[in-house]
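A short worksheet on the structure shown next.
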Amino acid sequence: MVNVTITESAQDYLKGLLEKQDTEGVNIRMFVANPGTPTAETCIAYCKPGEAQDGDVKLTFDAFDAYFDGESVPFLEDAKVDYSPDRMGGQLTIRAPNSKMPQLNENSSVEDHIKYVLYNEVNPGLAAHGGNVTLVEYTDDGYAVLQFGGGCQGCSAVDMTLKQGVEKTLVERIPGLQGVRDMTDHTDRSQAYY
């Protein structure tokens with residue numbers, strides 16, 4: 001189940017937009033681009049018949065159906081879509097407080113746990129040097145493949161940061177994690193801190 005609020009004013013606004021489409025049965029689809037990262041962005045798009053994806057969660061409203069990307073659902077927890085009319089026409093707003101980091105529970109994936117630790121424990125320390133690290137993938141053999149950015153890319157101390165900082169923190173906090181691998185191209189030193 002998805003816990004997203006679409007206010008009555010937002011439903012009326014979206015209904016009006018959908019009625020202007022030339023497609024019978026068009027609905028909306030909500031998803032988070034780059035979920036669990038500092039660049040996460042919550043989006044609403046038109047969803048023509050047949051465009052819903054396997055794994056989408058469907059909610060039915062009075063005037064339309066809303067499809068929620070299955071992988072985005074944890075990041076949409078407690079999201080709110082609202083519409084405020086004004087003299088210039090109004091504004092649709094989407095507030096998704098968990099888009100950058102989902103609420104964790106006993107059913108959360110290993111990837112979500114890794115992203116949580118990176119976002120809340122690792123990246124605040126790296127930010128002091130203008131750097132950050134994101135999860136690219138969690139491999140079948142238990143490794144987190146990471147990408148460094150900002151001041152960490154090309155930094156001469158990245159190996160020490162990776163092994164003694166990031167890997168140590170993640171392995172301590174994530175049961176079953178075997179270690180980390182770095183996929184960053186460190187030959188680009190244009191943003192490097194050191």
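Quick note on naming: the chains in the structure tokens go A, B, ... in the order shown, residues restart at 1 in each chain, and ligands are numbered from 1 in order of appearance.
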
Secondary structure check, strand (DSSP E or B) residues of range 33-116 of chain A, as a CSV table (one decimal) with N, CA and C atoms, in the first residue's frame:
```csv
chain,number,residue,atom,x,y,z
A,33,ALA,N,12.5,10.1,-9.4
A,33,ALA,CA,13.7,10.0,-10.2
A,33,ALA,C,14.9,10.1,-9.2
A,41,GLU,N,14.0,13.6,-7.2
A,41,GLU,CA,13.0,14.5,-7.7
A,41,GLU,C,11.7,13.7,-7.8
A,42,THR,N,10.6,14.2,-7.2
A,42,THR,CA,9.3,13.5,-7.3
A,42,THR,C,8.6,14.1,-8.5
A,43,CYS,N,8.0,13.2,-9.3
A,43,CYS,CA,7.4,13.6,-10.6
A,43,CYS,C,6.0,13.0,-10.7
A,44,ILE,N,5.1,13.7,-11.4
A,44,ILE,CA,3.8,13.2,-11.8
A,44,ILE,C,3.8,13.3,-13.3
A,45,ALA,N,3.4,12.2,-14.0
A,45,ALA,CA,3.3,12.2,-15.5
A,45,ALA,C,2.0,11.7,-15.9
A,46,TYR,N,1.6,11.9,-17.1
A,46,TYR,CA,0.4,11.3,-17.7
A,46,TYR,C,0.7,9.8,-17.9
A,47,CYS,N,-0.3,9.0,-17.7
A,47,CYS,CA,-0.2,7.6,-17.8
A,47,CYS,C,-1.4,7.1,-18.7
A,57,VAL,N,1.7,0.4,-8.1
A,57,VAL,CA,0.6,0.4,-7.1
A,57,VAL,C,-0.5,1.3,-7.6
A,58,LYS,N,-1.7,0.9,-7.7
A,58,LYS,CA,-2.8,1.7,-8.2
A,58,LYS,C,-3.8,2.1,-7.1
A,59,LEU,N,-4.1,3.4,-7.1
A,59,LEU,CA,-5.1,4.0,-6.2
A,59,LEU,C,-6.2,4.6,-7.1
A,60,THR,N,-7.4,4.4,-6.7
A,60,THR,CA,-8.5,5.0,-7.5
A,60,THR,C,-9.1,6.2,-6.8
A,65,ASP,N,-7.4,7.4,-11.9
A,65,ASP,CA,-6.6,6.4,-11.2
A,65,ASP,C,-5.2,7.0,-11.1
A,66,ALA,N,-4.5,6.7,-10.0
A,66,ALA,CA,-3.1,7.1,-9.9
A,66,ALA,C,-2.3,5.9,-9.7
A,67,TYR,N,-1.3,5.8,-10.5
A,67,TYR,CA,-0.3,4.7,-10.5
A,67,TYR,C,1.0,5.2,-9.8
A,68,PHE,N,1.5,4.4,-8.9
A,68,PHE,CA,2.7,4.7,-8.2
A,68,PHE,C,3.8,3.7,-8.5
A,79,ALA,N,4.0,11.4,1.3
A,79,ALA,CA,4.0,12.4,0.3
A,79,ALA,C,2.7,13.1,0.2
A,80,LYS,N,2.7,14.4,-0.2
A,80,LYS,CA,1.4,15.1,-0.3
A,80,LYS,C,1.5,15.9,-1.6
A,81,VAL,N,0.4,15.8,-2.4
A,81,VAL,CA,0.2,16.6,-3.6
A,81,VAL,C,-0.9,17.6,-3.3
A,82,ASP,N,-0.6,18.9,-3.6
A,82,ASP,CA,-1.6,19.9,-3.3
A,82,ASP,C,-1.6,20.9,-4.4
A,83,TYR,N,-2.7,21.6,-4.5
A,83,TYR,CA,-2.8,22.7,-5.5
A,83,TYR,C,-3.3,23.9,-4.8
A,84,SER,N,-2.6,25.1,-5.1
A,84,SER,CA,-3.1,26.3,-4.5
A,84,SER,C,-3.3,27.3,-5.6
A,91,GLN,N,-0.5,26.8,-8.4
A,91,GLN,CA,0.7,26.0,-8.4
A,91,GLN,C,0.4,24.6,-7.8
A,92,LEU,N,0.8,23.6,-8.5
A,92,LEU,CA,0.8,22.2,-8.0
A,92,LEU,C,2.1,22.0,-7.2
A,93,THR,N,2.0,21.5,-6.0
A,93,THR,CA,3.2,21.2,-5.2
A,93,THR,C,3.2,19.8,-4.8
A,94,ILE,N,4.4,19.2,-4.8
A,94,ILE,CA,4.6,17.8,-4.3
A,94,ILE,C,5.6,17.9,-3.2
A,95,ARG,N,5.2,17.4,-2.1
A,95,ARG,CA,6.1,17.3,-1.0
A,95,ARG,C,6.3,15.9,-0.6
```

Neighbours of Arg181 in chain A within 8 Å (only C-alpha atoms; same-chain residues fewer than 4 positions away dropped), as a list of chain:residue names?
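Once the adjacent positions are removed, what remains is A:Tyr143, A:Ala144, A:Val145, A:Leu146.
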
Could you save those same residues with C-alpha atoms as an mmCIF file, in the first residue's frame?
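Dumped to out33.cif:
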```
data_model
loop_
_atom_site.group_PDB
_atom_site.id
_atom_site.type_symbol
_atom_site.label_atom_id
_atom_site.label_comp_id
_atom_site.auth_asym_id
_atom_site.auth_seq_id
_atom_site.Cartn_x
_atom_site.Cartn_y
_atom_site.Cartn_z
ATOM 1 C CA TYR A 143 29.153 -5.918 -2.216
ATOM 2 C CA ALA A 144 28.030 -2.298 -2.438
ATOM 3 C CA VAL A 145 29.256 -0.686 -5.660
ATOM 4 C CA LEU A 146 29.750 3.018 -4.968
#
```

Identify, on the basis of only C-alpha atoms, every residue whose closest approach to range 71-73 of chain A does not exceed 7 Å; exclude the query and any residue fewer than 2 positions from it along the same chain; express the result as a ChimeraX atom specification.
/A:2,31-32,35,68-69,75-77

Write the selection just made, keeping N, CA and C atoms, as a compact mmCIF listing (two decimals), in the first residue's frame?
```txt
# COMPACT_ATOMS: atom_id res chain seq x y z
N VAL A 2 0.39 2.29 -0.60
CA VAL A 2 1.14 3.53 -0.68
C VAL A 2 0.42 4.58 0.16
N PHE A 31 6.22 8.98 -9.54
CA PHE A 31 7.46 8.25 -9.31
C PHE A 31 8.52 9.21 -8.77
N VAL A 32 9.61 8.64 -8.29
CA VAL A 32 10.75 9.43 -7.83
C VAL A 32 11.93 9.11 -8.73
N PRO A 35 15.74 8.04 -6.71
CA PRO A 35 15.29 7.90 -5.32
C PRO A 35 16.44 7.56 -4.38
N PHE A 68 1.50 4.38 -8.91
CA PHE A 68 2.72 4.74 -8.19
C PHE A 68 3.78 3.70 -8.50
N ASP A 69 4.91 4.16 -9.01
CA ASP A 69 6.01 3.27 -9.35
C ASP A 69 6.37 2.42 -8.13
N PHE A 75 9.84 5.66 -1.07
CA PHE A 75 10.31 7.04 -1.11
C PHE A 75 9.15 8.03 -1.18
N LEU A 76 7.94 7.51 -1.47
CA LEU A 76 6.74 8.35 -1.54
C LEU A 76 5.94 8.31 -0.24
N GLU A 77 6.40 7.56 0.74
CA GLU A 77 5.71 7.48 2.02
C GLU A 77 5.51 8.88 2.60
```

Might you pull out every residue within 10 Å of Gly176 in chain A, with only C-alpha atoms counted and same-chain residues fewer than 5 positions away left off, and present them as an MDAnalysis selection string?
chainID A and resid 110 141:143 171

Within 12 Å of Asp12 in chain A, counting only C-alpha atoms, which residues qualify if same-chain residues fewer than 2 places away don't, as a list in words?
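Counting only C-alpha atoms, the residues come to Ile6, Thr7, Glu8, Ser9, Ala10, Leu14, Lys15, Gly16, Leu17, Leu18, Glu19, Phe61, Asp62, Ala63, Phe64, Val81, Asp82, Tyr83, Ser84, Pro85 and Leu92 of chain A.
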
Those residues with C-alpha atoms, as a PDB file, in the first residue's frame please?
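This is the output file out-v8.pdb:
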```pdb
ATOM      1  CA  ILE A   6      -3.644  14.006  -3.055  1.00  0.00           C
ATOM      2  CA  THR A   7      -5.732  16.888  -1.727  1.00  0.00           C
ATOM      3  CA  GLU A   8      -9.174  17.646  -3.124  1.00  0.00           C
ATOM      4  CA  SER A   9      -7.881  20.812  -4.820  1.00  0.00           C
ATOM      5  CA  ALA A  10      -5.049  18.822  -6.434  1.00  0.00           C
ATOM      6  CA  LEU A  14      -5.344  17.062 -12.183  1.00  0.00           C
ATOM      7  CA  LYS A  15      -8.830  16.103 -13.366  1.00  0.00           C
ATOM      8  CA  GLY A  16      -8.894  19.292 -15.460  1.00  0.00           C
ATOM      9  CA  LEU A  17      -5.508  18.500 -16.987  1.00  0.00           C
ATOM     10  CA  LEU A  18      -6.538  14.941 -17.793  1.00  0.00           C
ATOM     11  CA  GLU A  19      -9.769  16.109 -19.447  1.00  0.00           C
ATOM     12  CA  PHE A  61      -9.807   8.528  -6.969  1.00  0.00           C
ATOM     13  CA  ASP A  62     -13.187   9.947  -8.009  1.00  0.00           C
ATOM     14  CA  ALA A  63     -12.038  11.291 -11.382  1.00  0.00           C
ATOM     15  CA  PHE A  64      -8.933   9.242 -12.210  1.00  0.00           C
ATOM     16  CA  VAL A  81       0.231  16.595  -3.610  1.00  0.00           C
ATOM     17  CA  ASP A  82      -1.577  19.918  -3.271  1.00  0.00           C
ATOM     18  CA  TYR A  83      -2.808  22.695  -5.530  1.00  0.00           C
ATOM     19  CA  SER A  84      -3.062  26.344  -4.504  1.00  0.00           C
ATOM     20  CA  PRO A  85      -4.891  28.641  -6.916  1.00  0.00           C
ATOM     21  CA  LEU A  92       0.780  22.243  -7.982  1.00  0.00           C
TER      22      LEU A  92
END
```

Which value, in Å to one decimal, gives the distance between CA of Thr134 in chain A and CA of Lys168 in chain A?
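CA of Thr134 in chain A sits 15.7 Å away from CA of Lys168 in chain A.
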
Give me, please, the distance in Å between CA of Arg173 in chain A and CA of Gly149 in chain A, quoted to one decimal.
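Pair CA of Arg173 in chain A / CA of Gly149 in chain A returns 22.4 Å.
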
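Distances here use only C-alpha atoms; by that measure, the residue among A:Thr5, A:Gln178, A:Gln147, A:Thr37 closest to Tyr116 in chain A is A:Thr37.
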
Please identify which residues in range 4-194 of chain A DSSP calls helix (DSSP H, G or I) from the backbone, and express them as a PyMOL selection string.
chain A and resi 8-19+73-75+110-127+158-173

What would the file look like if the residues just selected were written as a compact mmCIF listing (two decimals), in the first residue's frame with C-alpha atoms?
```
# COMPACT_ATOMS: atom_id res chain seq x y z
CA GLU A 8 -9.17 17.65 -3.12
CA SER A 9 -7.88 20.81 -4.82
CA ALA A 10 -5.05 18.82 -6.43
CA GLN A 11 -7.51 16.16 -7.60
CA ASP A 12 -9.69 18.84 -9.21
CA TYR A 13 -6.66 20.40 -10.91
CA LEU A 14 -5.34 17.06 -12.18
CA LYS A 15 -8.83 16.10 -13.37
CA GLY A 16 -8.89 19.29 -15.46
CA LEU A 17 -5.51 18.50 -16.99
CA LEU A 18 -6.54 14.94 -17.79
CA GLU A 19 -9.77 16.11 -19.45
CA VAL A 73 6.71 3.59 -3.07
CA PRO A 74 9.04 3.62 0.00
CA PHE A 75 10.31 7.04 -1.11
CA VAL A 110 19.60 -3.94 1.78
CA GLU A 111 19.91 -1.17 -0.83
CA ASP A 112 17.63 1.10 1.22
CA HIS A 113 19.68 0.41 4.35
CA ILE A 114 22.92 1.20 2.51
CA LYS A 115 21.46 4.44 1.11
CA TYR A 116 20.25 5.39 4.58
CA VAL A 117 23.71 4.99 6.12
CA LEU A 118 25.37 6.82 3.21
CA TYR A 119 22.92 9.72 3.40
CA ASN A 120 22.83 10.10 7.18
CA GLU A 121 26.28 9.05 8.35
CA VAL A 122 28.81 9.02 5.51
CA ASN A 123 27.87 11.95 3.27
CA PRO A 124 27.68 14.57 6.04
CA GLY A 125 31.39 13.92 6.73
CA LEU A 126 32.33 13.93 3.05
CA ALA A 127 30.40 17.17 2.51
CA VAL A 158 39.98 8.37 -1.61
CA ASP A 159 41.41 4.88 -1.03
CA MET A 160 41.82 5.60 2.67
CA THR A 161 38.35 7.20 2.82
CA LEU A 162 36.84 4.20 1.04
CA LYS A 163 38.42 1.46 3.16
CA GLN A 164 38.83 3.07 6.58
CA GLY A 165 35.75 5.25 6.52
CA VAL A 166 32.97 4.29 4.14
CA GLU A 167 33.50 0.51 4.03
CA LYS A 168 34.10 0.23 7.77
CA THR A 169 30.92 2.19 8.55
CA LEU A 170 28.75 0.27 6.08
CA VAL A 171 29.99 -3.20 7.09
CA GLU A 172 29.41 -2.36 10.78
CA ARG A 173 25.84 -1.15 10.13
```

For CA of Val4 in chain A and CA of Tyr138 in chain A, determine how far apart the two atoms are, in Å to one decimal place.
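Separation of CA of Val4 in chain A and CA of Tyr138 in chain A: 27.8 Å.
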